[in-house]
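Listing of target-v7.cif; format and content: mmCIF, C-alpha atoms.
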```cif
data_upload
#
loop_
_atom_site.group_PDB
_atom_site.id
_atom_site.type_symbol
_atom_site.label_atom_id
_atom_site.label_comp_id
_atom_site.auth_asym_id
_atom_site.auth_seq_id
_atom_site.Cartn_x
_atom_site.Cartn_y
_atom_site.Cartn_z
ATOM 1 C CA MET A 816 94.067 71.428 134.341
ATOM 2 C CA THR A 817 93.349 72.984 130.923
ATOM 3 C CA ASN A 818 91.828 70.617 128.396
ATOM 4 C CA LYS A 819 93.623 70.158 125.084
ATOM 5 C CA ILE A 820 92.095 70.629 121.621
ATOM 6 C CA SER A 821 93.573 68.906 118.573
ATOM 7 C CA ILE A 822 93.362 70.403 115.111
ATOM 8 C CA GLN A 823 93.923 67.813 112.411
ATOM 9 C CA PHE A 824 95.879 68.268 109.169
ATOM 10 C CA ASN A 825 96.054 65.980 106.164
ATOM 11 C CA GLU A 826 99.404 64.469 105.251
ATOM 12 C CA ILE A 827 101.551 66.524 102.873
ATOM 13 C CA GLU A 828 102.620 64.636 99.780
ATOM 14 C CA GLY A 829 104.262 64.979 96.386
ATOM 15 C CA GLU A 830 105.140 68.367 94.947
ATOM 16 C CA HIS A 831 103.585 70.162 97.931
ATOM 17 C CA LEU A 832 106.193 68.558 100.167
ATOM 18 C CA ASP A 833 109.008 69.828 97.934
ATOM 19 C CA VAL A 834 107.545 73.353 97.960
ATOM 20 C CA ILE A 835 107.261 73.360 101.753
ATOM 21 C CA LYS A 836 110.833 72.162 102.205
ATOM 22 C CA LYS A 837 112.097 75.076 100.092
ATOM 23 C CA LEU A 838 109.954 77.577 101.980
ATOM 24 C CA VAL A 839 110.958 76.482 105.487
ATOM 25 C CA GLU A 840 114.638 76.579 104.530
ATOM 26 C CA LYS A 841 114.436 80.243 103.474
ATOM 27 C CA PRO A 842 115.712 82.831 105.981
ATOM 28 C CA TYR A 843 112.829 84.937 107.295
ATOM 29 C CA GLU A 844 114.252 88.114 105.772
ATOM 30 C CA GLN A 845 114.077 86.561 102.290
ATOM 31 C CA LEU A 846 110.420 85.522 102.440
ATOM 32 C CA SER A 847 108.474 87.289 99.719
ATOM 33 C CA GLN A 848 104.801 88.180 99.660
ATOM 34 C CA GLU A 849 104.310 85.274 97.243
ATOM 35 C CA ASP A 850 106.069 82.898 99.646
ATOM 36 C CA LEU A 851 103.819 83.940 102.519
ATOM 37 C CA MET A 852 100.714 83.557 100.380
ATOM 38 C CA GLU A 853 101.896 80.095 99.354
ATOM 39 C CA ILE A 854 102.382 79.152 103.016
ATOM 40 C CA ARG A 855 98.874 80.365 103.839
ATOM 41 C CA THR A 856 97.424 78.379 100.952
ATOM 42 C CA LEU A 857 99.281 75.191 101.899
ATOM 43 C CA ILE A 858 98.168 75.381 105.529
ATOM 44 C CA ASP A 859 94.571 76.065 104.528
ATOM 45 C CA SER A 860 94.433 73.340 101.887
ATOM 46 C CA HIS A 861 95.820 70.679 104.238
ATOM 47 C CA ARG A 862 93.501 71.346 107.163
ATOM 48 C CA ASP A 863 91.011 68.637 108.004
ATOM 49 C CA LEU A 864 87.720 70.484 107.469
ATOM 50 C CA SER A 865 85.415 67.609 108.383
ATOM 51 C CA TYR A 866 82.611 68.602 110.742
ATOM 52 C CA GLN A 867 83.446 68.527 114.456
ATOM 53 C CA ASP A 868 80.811 68.076 117.160
ATOM 54 C CA GLU A 869 82.978 69.634 119.840
ATOM 55 C CA GLN A 870 82.149 73.337 120.245
ATOM 56 C CA GLN A 871 85.718 74.295 121.154
ATOM 57 C CA GLN A 872 87.041 72.739 117.951
ATOM 58 C CA GLN A 873 84.389 74.553 115.939
ATOM 59 C CA LEU A 874 85.419 77.879 117.483
ATOM 60 C CA ILE A 875 89.123 77.302 116.802
ATOM 61 C CA ASN A 876 88.369 76.304 113.220
ATOM 62 C CA LYS A 877 86.284 79.445 112.722
ATOM 63 C CA LEU A 878 89.187 81.542 113.991
ATOM 64 C CA LEU A 879 91.511 79.775 111.560
ATOM 65 C CA ASN A 880 89.013 80.413 108.764
ATOM 66 C CA ILE A 881 89.252 84.135 109.469
ATOM 67 C CA GLN A 882 93.032 84.120 109.861
ATOM 68 C CA LEU A 883 93.607 82.168 106.635
ATOM 69 C CA ASP A 884 90.947 83.828 104.488
ATOM 70 C CA SER A 885 92.722 85.211 101.406
ATOM 71 C CA ARG A 886 90.401 88.243 101.465
ATOM 72 C CA LEU A 887 91.688 89.200 104.916
ATOM 73 C CA TYR A 888 95.273 87.947 104.848
ATOM 74 C CA ARG A 889 97.739 90.774 104.196
ATOM 75 C CA PRO A 890 101.271 89.352 104.028
ATOM 76 C CA ILE A 891 104.162 91.772 104.412
ATOM 77 C CA ASP A 892 107.110 91.018 102.146
ATOM 78 C CA GLN A 893 110.172 90.460 104.329
ATOM 79 C CA ARG A 894 112.668 91.649 101.717
ATOM 80 C CA SER A 895 113.787 95.246 101.581
ATOM 81 C CA PHE A 896 112.624 97.377 98.658
ATOM 82 C CA ILE A 897 116.165 97.233 97.269
ATOM 83 C CA GLU A 898 116.108 93.429 97.395
ATOM 84 C CA TYR A 899 112.662 93.298 95.788
ATOM 85 C CA VAL A 900 113.673 95.523 92.862
ATOM 86 C CA THR A 901 116.999 93.712 92.470
ATOM 87 C CA ASP A 902 115.098 90.417 92.195
ATOM 88 C CA ILE A 903 112.858 91.919 89.484
ATOM 89 C CA MET A 904 115.889 93.026 87.465
ATOM 90 C CA TYR A 905 117.783 89.782 88.091
ATOM 91 C CA ASN A 906 114.892 87.649 86.836
ATOM 92 C CA TRP A 907 114.480 89.819 83.739
ATOM 93 C CA VAL A 908 118.188 89.709 82.909
ATOM 94 C CA CYS A 909 118.259 85.920 83.355
ATOM 95 C CA GLU A 910 115.320 85.557 80.964
ATOM 96 C CA ASN A 911 116.824 87.975 78.418
ATOM 97 C CA LEU A 912 120.528 87.198 78.750
ATOM 98 C CA GLU A 913 120.816 85.630 75.305
ATOM 99 C CA PHE A 914 118.433 87.981 73.502
ATOM 100 C CA GLU A 915 119.494 91.018 71.483
ATOM 101 C CA LYS A 916 122.338 93.090 72.937
ATOM 102 C CA PRO A 917 124.505 92.203 75.973
ATOM 103 C CA THR A 918 123.550 95.409 77.783
ATOM 104 C CA PHE A 919 120.341 96.818 79.258
ATOM 105 C CA ILE A 920 118.817 99.882 80.890
ATOM 106 C CA THR A 921 116.052 100.085 83.468
ATOM 107 C CA ILE A 922 113.297 100.834 80.964
ATOM 108 C CA ASP A 923 114.065 97.515 79.252
ATOM 109 C CA VAL A 924 113.072 95.765 82.479
ATOM 110 C CA PHE A 925 110.081 97.930 83.319
ATOM 111 C CA ASP A 926 108.697 98.701 79.852
ATOM 112 C CA VAL A 927 106.066 95.958 80.026
ATOM 113 C CA TYR A 928 104.991 97.080 83.510
ATOM 114 C CA PHE A 929 104.577 100.681 82.341
ATOM 115 C CA ALA A 930 102.629 99.459 79.312
ATOM 116 C CA ASP A 931 100.337 97.318 81.464
ATOM 117 C CA GLY A 932 100.198 99.898 84.257
ATOM 118 C CA THR A 933 101.017 97.372 86.970
ATOM 119 C CA MET A 934 103.802 95.283 88.497
ATOM 120 C CA THR A 935 101.564 92.623 90.019
ATOM 121 C CA TYR A 936 98.323 92.516 87.997
ATOM 122 C CA ASN A 937 96.624 92.403 91.402
ATOM 123 C CA THR A 938 95.701 95.668 93.136
ATOM 124 C CA GLN A 939 95.587 94.197 96.627
ATOM 125 C CA GLN A 940 99.011 92.663 96.183
ATOM 126 C CA THR A 941 100.310 96.047 95.013
ATOM 127 C CA LEU A 942 98.825 97.744 98.082
ATOM 128 C CA ASN A 943 100.533 95.123 100.266
ATOM 129 C CA TYR A 944 103.864 95.986 98.639
ATOM 130 C CA ILE A 945 103.298 99.710 99.073
ATOM 131 C CA GLN A 946 102.589 99.144 102.763
ATOM 132 C CA ALA A 947 105.660 96.938 103.167
ATOM 133 C CA PHE A 948 108.036 99.298 101.358
ATOM 134 C CA TRP A 949 106.582 102.714 102.183
ATOM 135 C CA ASP A 950 109.444 103.793 104.445
ATOM 136 C CA GLU A 951 111.953 102.777 101.768
ATOM 137 C CA PHE A 952 110.622 104.821 98.859
ATOM 138 C CA HIS A 953 113.243 107.495 98.269
ATOM 139 C CA LYS A 954 112.192 110.894 99.616
ATOM 140 C CA TYR A 955 113.108 112.659 96.354
ATOM 141 C CA ASP A 956 110.795 110.311 94.445
ATOM 142 C CA LEU A 957 107.891 111.266 96.708
ATOM 143 C CA GLU A 958 108.551 115.005 96.808
ATOM 144 C CA TYR A 959 105.828 116.136 94.388
ATOM 145 C CA ILE A 960 103.394 113.251 94.781
ATOM 146 C CA GLN A 961 100.063 113.848 96.490
ATOM 147 C CA ALA A 962 98.631 111.105 98.695
ATOM 148 C CA LYS A 963 95.313 111.077 96.838
ATOM 149 C CA SER A 964 97.075 110.228 93.562
ATOM 150 C CA ILE A 965 98.681 107.176 95.184
ATOM 151 C CA PHE A 966 95.302 105.824 96.291
ATOM 152 C CA ALA A 967 93.736 106.733 92.947
ATOM 153 C CA ARG A 968 96.405 104.873 90.930
ATOM 154 C CA PRO A 969 98.427 102.611 93.274
ATOM 155 C CA GLU A 970 99.530 100.310 90.448
ATOM 156 C CA ALA A 971 101.091 103.111 88.377
ATOM 157 C CA PHE A 972 102.664 104.618 91.493
ATOM 158 C CA PHE A 973 104.370 101.340 92.383
ATOM 159 C CA VAL A 974 105.702 100.813 88.849
ATOM 160 C CA ARG A 975 107.277 104.281 88.883
ATOM 161 C CA GLN A 976 108.795 103.836 92.357
ATOM 162 C CA SER A 977 110.245 100.445 91.389
ATOM 163 C CA CYS A 978 111.778 101.820 88.197
ATOM 164 C CA ASN A 979 113.229 104.802 90.055
ATOM 165 C CA MET A 980 114.804 102.475 92.617
ATOM 166 C CA ALA A 981 116.219 100.262 89.846
ATOM 167 C CA GLU A 982 118.035 103.267 88.410
ATOM 168 C CA LYS A 983 119.491 104.083 91.820
ATOM 169 C CA ILE A 984 120.588 100.482 92.392
ATOM 170 C CA LEU A 985 122.434 100.241 89.071
ATOM 171 C CA LYS A 986 124.102 103.621 89.598
ATOM 172 C CA ALA A 987 125.165 102.613 93.130
ATOM 173 C CA ILE A 988 126.677 99.346 91.852
ATOM 174 C CA PHE A 989 128.381 100.485 88.664
ATOM 175 C CA GLY A 990 128.381 104.268 88.731
ATOM 176 C CA PHE A 991 126.415 106.139 86.078
ATOM 177 C CA GLN A 992 126.470 104.436 82.687
ATOM 178 C CA GLU A 993 124.267 104.843 79.633
ATOM 179 C CA THR A 994 123.824 101.049 79.531
ATOM 180 C CA TYR A 995 124.699 98.227 81.918
ATOM 181 C CA ASN A 996 126.215 94.859 81.070
ATOM 182 C CA LYS A 997 123.815 91.992 81.743
ATOM 183 C CA GLN A 998 126.433 89.447 82.780
ATOM 184 C CA ASP A 999 128.214 91.930 85.042
ATOM 185 C CA PHE A 1000 124.926 92.566 86.835
ATOM 186 C CA LEU A 1001 124.251 88.843 87.324
ATOM 187 C CA ASP A 1002 127.803 88.301 88.592
ATOM 188 C CA TYR A 1003 127.438 91.145 91.073
ATOM 189 C CA VAL A 1004 124.153 89.831 92.483
ATOM 190 C CA ASP A 1005 125.444 86.255 92.667
ATOM 191 C CA ASN A 1006 128.776 87.097 94.292
ATOM 192 C CA GLU A 1007 128.853 90.572 95.815
ATOM 193 C CA PHE A 1008 125.305 91.714 96.547
ATOM 194 C CA ASP A 1009 125.087 93.517 99.891
ATOM 195 C CA ALA A 1010 121.733 95.118 100.672
ATOM 196 C CA VAL A 1011 123.124 97.033 103.647
ATOM 197 C CA LYS A 1012 125.924 98.590 101.595
ATOM 198 C CA LEU A 1013 123.530 99.519 98.798
ATOM 199 C CA THR A 1014 121.156 101.084 101.327
ATOM 200 C CA GLU A 1015 123.983 103.297 102.603
ATOM 201 C CA LEU A 1016 124.887 104.354 99.050
ATOM 202 C CA ILE A 1017 121.345 105.035 97.899
ATOM 203 C CA TYR A 1018 119.887 106.802 100.907
#
```
This entry written out as structure tokens:
Amino acid sequence: MTNKISIQFNEIEGEHLDVIKKLVEKPYEQLSQEDLMEIRTLIDSHRDLSYQDEQQQQLINKLLNIQLDSRLYRPIDQRSFIEYVTDIMYNWVCENLEFEKPTFITIDVFDVYFADGTMTYNTQQTLNYIQAFWDEFHKYDLEYIQAKSIFARPEAFFVRQSCNMAEKILKAIFGFQETYNKQDFLDYVDNEFDAVKLTELIY
């Protein structure tokens, strides 16, 4: 009979419990890179790391240390690239709904990212996104890009690809317009958003 090994965790309390409840209720296909990193952090921070005399427990804990090490953990965002970019635009429109004019264009959303040269302010996180979404970057947007330039400037590459996809999403939803109504966009995402249909229209 195989002997059992128990790995102990500390009790989850307070705001951490609320965060976990929201995460476990999310469908797998909606889990973002940030969600997966949060899950990793919560698991790691609630492990009982007190010293164990038993060699088997020490070995299992060392394996968990490797698996949960933030330097090694490479979460793959479970959303599609279309869903990721739509979320970026949706959050921006929500934050800017009452400011200035009632319409927007893609550069309004991505201007700060172009200025800063990054979407994530974290190169490894950007590389994780590029890996997750590589097959979904539109072929016409990759036509004249050399691989070495992507590795040389991954942050700038990802900003450009995200902005290009945003333009395609808005055109697929509303047809070509010089500007797009903020409230109409929010209403569409809240009530009609269909990633599969958009994928068919865009690709």
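Residues captured in this structure file are His831, Val834, Ile835, Glu849, Asp850, Leu851, Met852, Glu853, Ile854, Arg855, Leu857, Ile858, Asp859, Ser860, His861, Arg862, Asn880, Gln882, Leu883, Asp884, Ser885 and Tyr888 of chain A, according to the PyMOL selection byres ((chain A and resi 856) around 12).
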Go through A:Met980, A:Thr817, A:Ala971, A:Lys963 one by one, measure the shortest atom-to-atom distance of each to A:Asp931 using only C-alpha atoms, and give the residue with the smallest value.
-> A:Ala971
Identify all residues satisfying the PyMOL selection byres ((chain A and resi 941-953) around 7) in the given file; provide them as a count of residues only.
-> 18
Calculate how many Å separate atom CA of A:Ile960 from atom CA of A:Arg975, rounding to one decimal.
->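 These atoms are spaced 11.4 Å apart.
With all atoms listed in the file as the basis for measurement, A:Glu982 is the residue among A:Glu869, A:Asp999, A:Glu982, A:Glu826 that approaches A:Asp923 most closely.
What separates atom CA of A:Asp833 from atom CA of A:Cys909 is a distance of 23.6 Å.
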Which of A:Lys841, A:Tyr959, A:Ser895, A:Pro917 sits closest to A:Val1011 [using all atoms listed in the file] =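 The shortest atom-to-atom distance to A:Val1011 comes from A:Ser895.
When all atoms listed in the file are used to measure the gap to A:Ile922, the shortest distance among A:Met934, A:Ala962, A:Cys978, A:Leu887 belongs to A:Cys978.
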Hey, can you check how far atom CA of A:Glu915 sits from atom CA of A:Tyr1003?
->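 Those two atoms sit 21.1 Å apart.
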Non-local contacts of A:Gly990 (12 Å; only C-alpha atoms; under 6 positions in same chain excluded) as a ChimeraX atom specification = /A:982-984,1016-1017
What do you get, as a list in words, if you spell out every residue that the PyMOL selection byres ((chain A and resi 997) around 10) selects here?
-> Met904, Tyr905, Trp907, Val908, Cys909, Asn911, Leu912, Glu913, Lys916, Pro917, Thr918, Phe919, Ile920, Thr994, Tyr995, Asn996, Gln998, Asp999, Phe1000, Leu1001 and Asp1002 of chain A
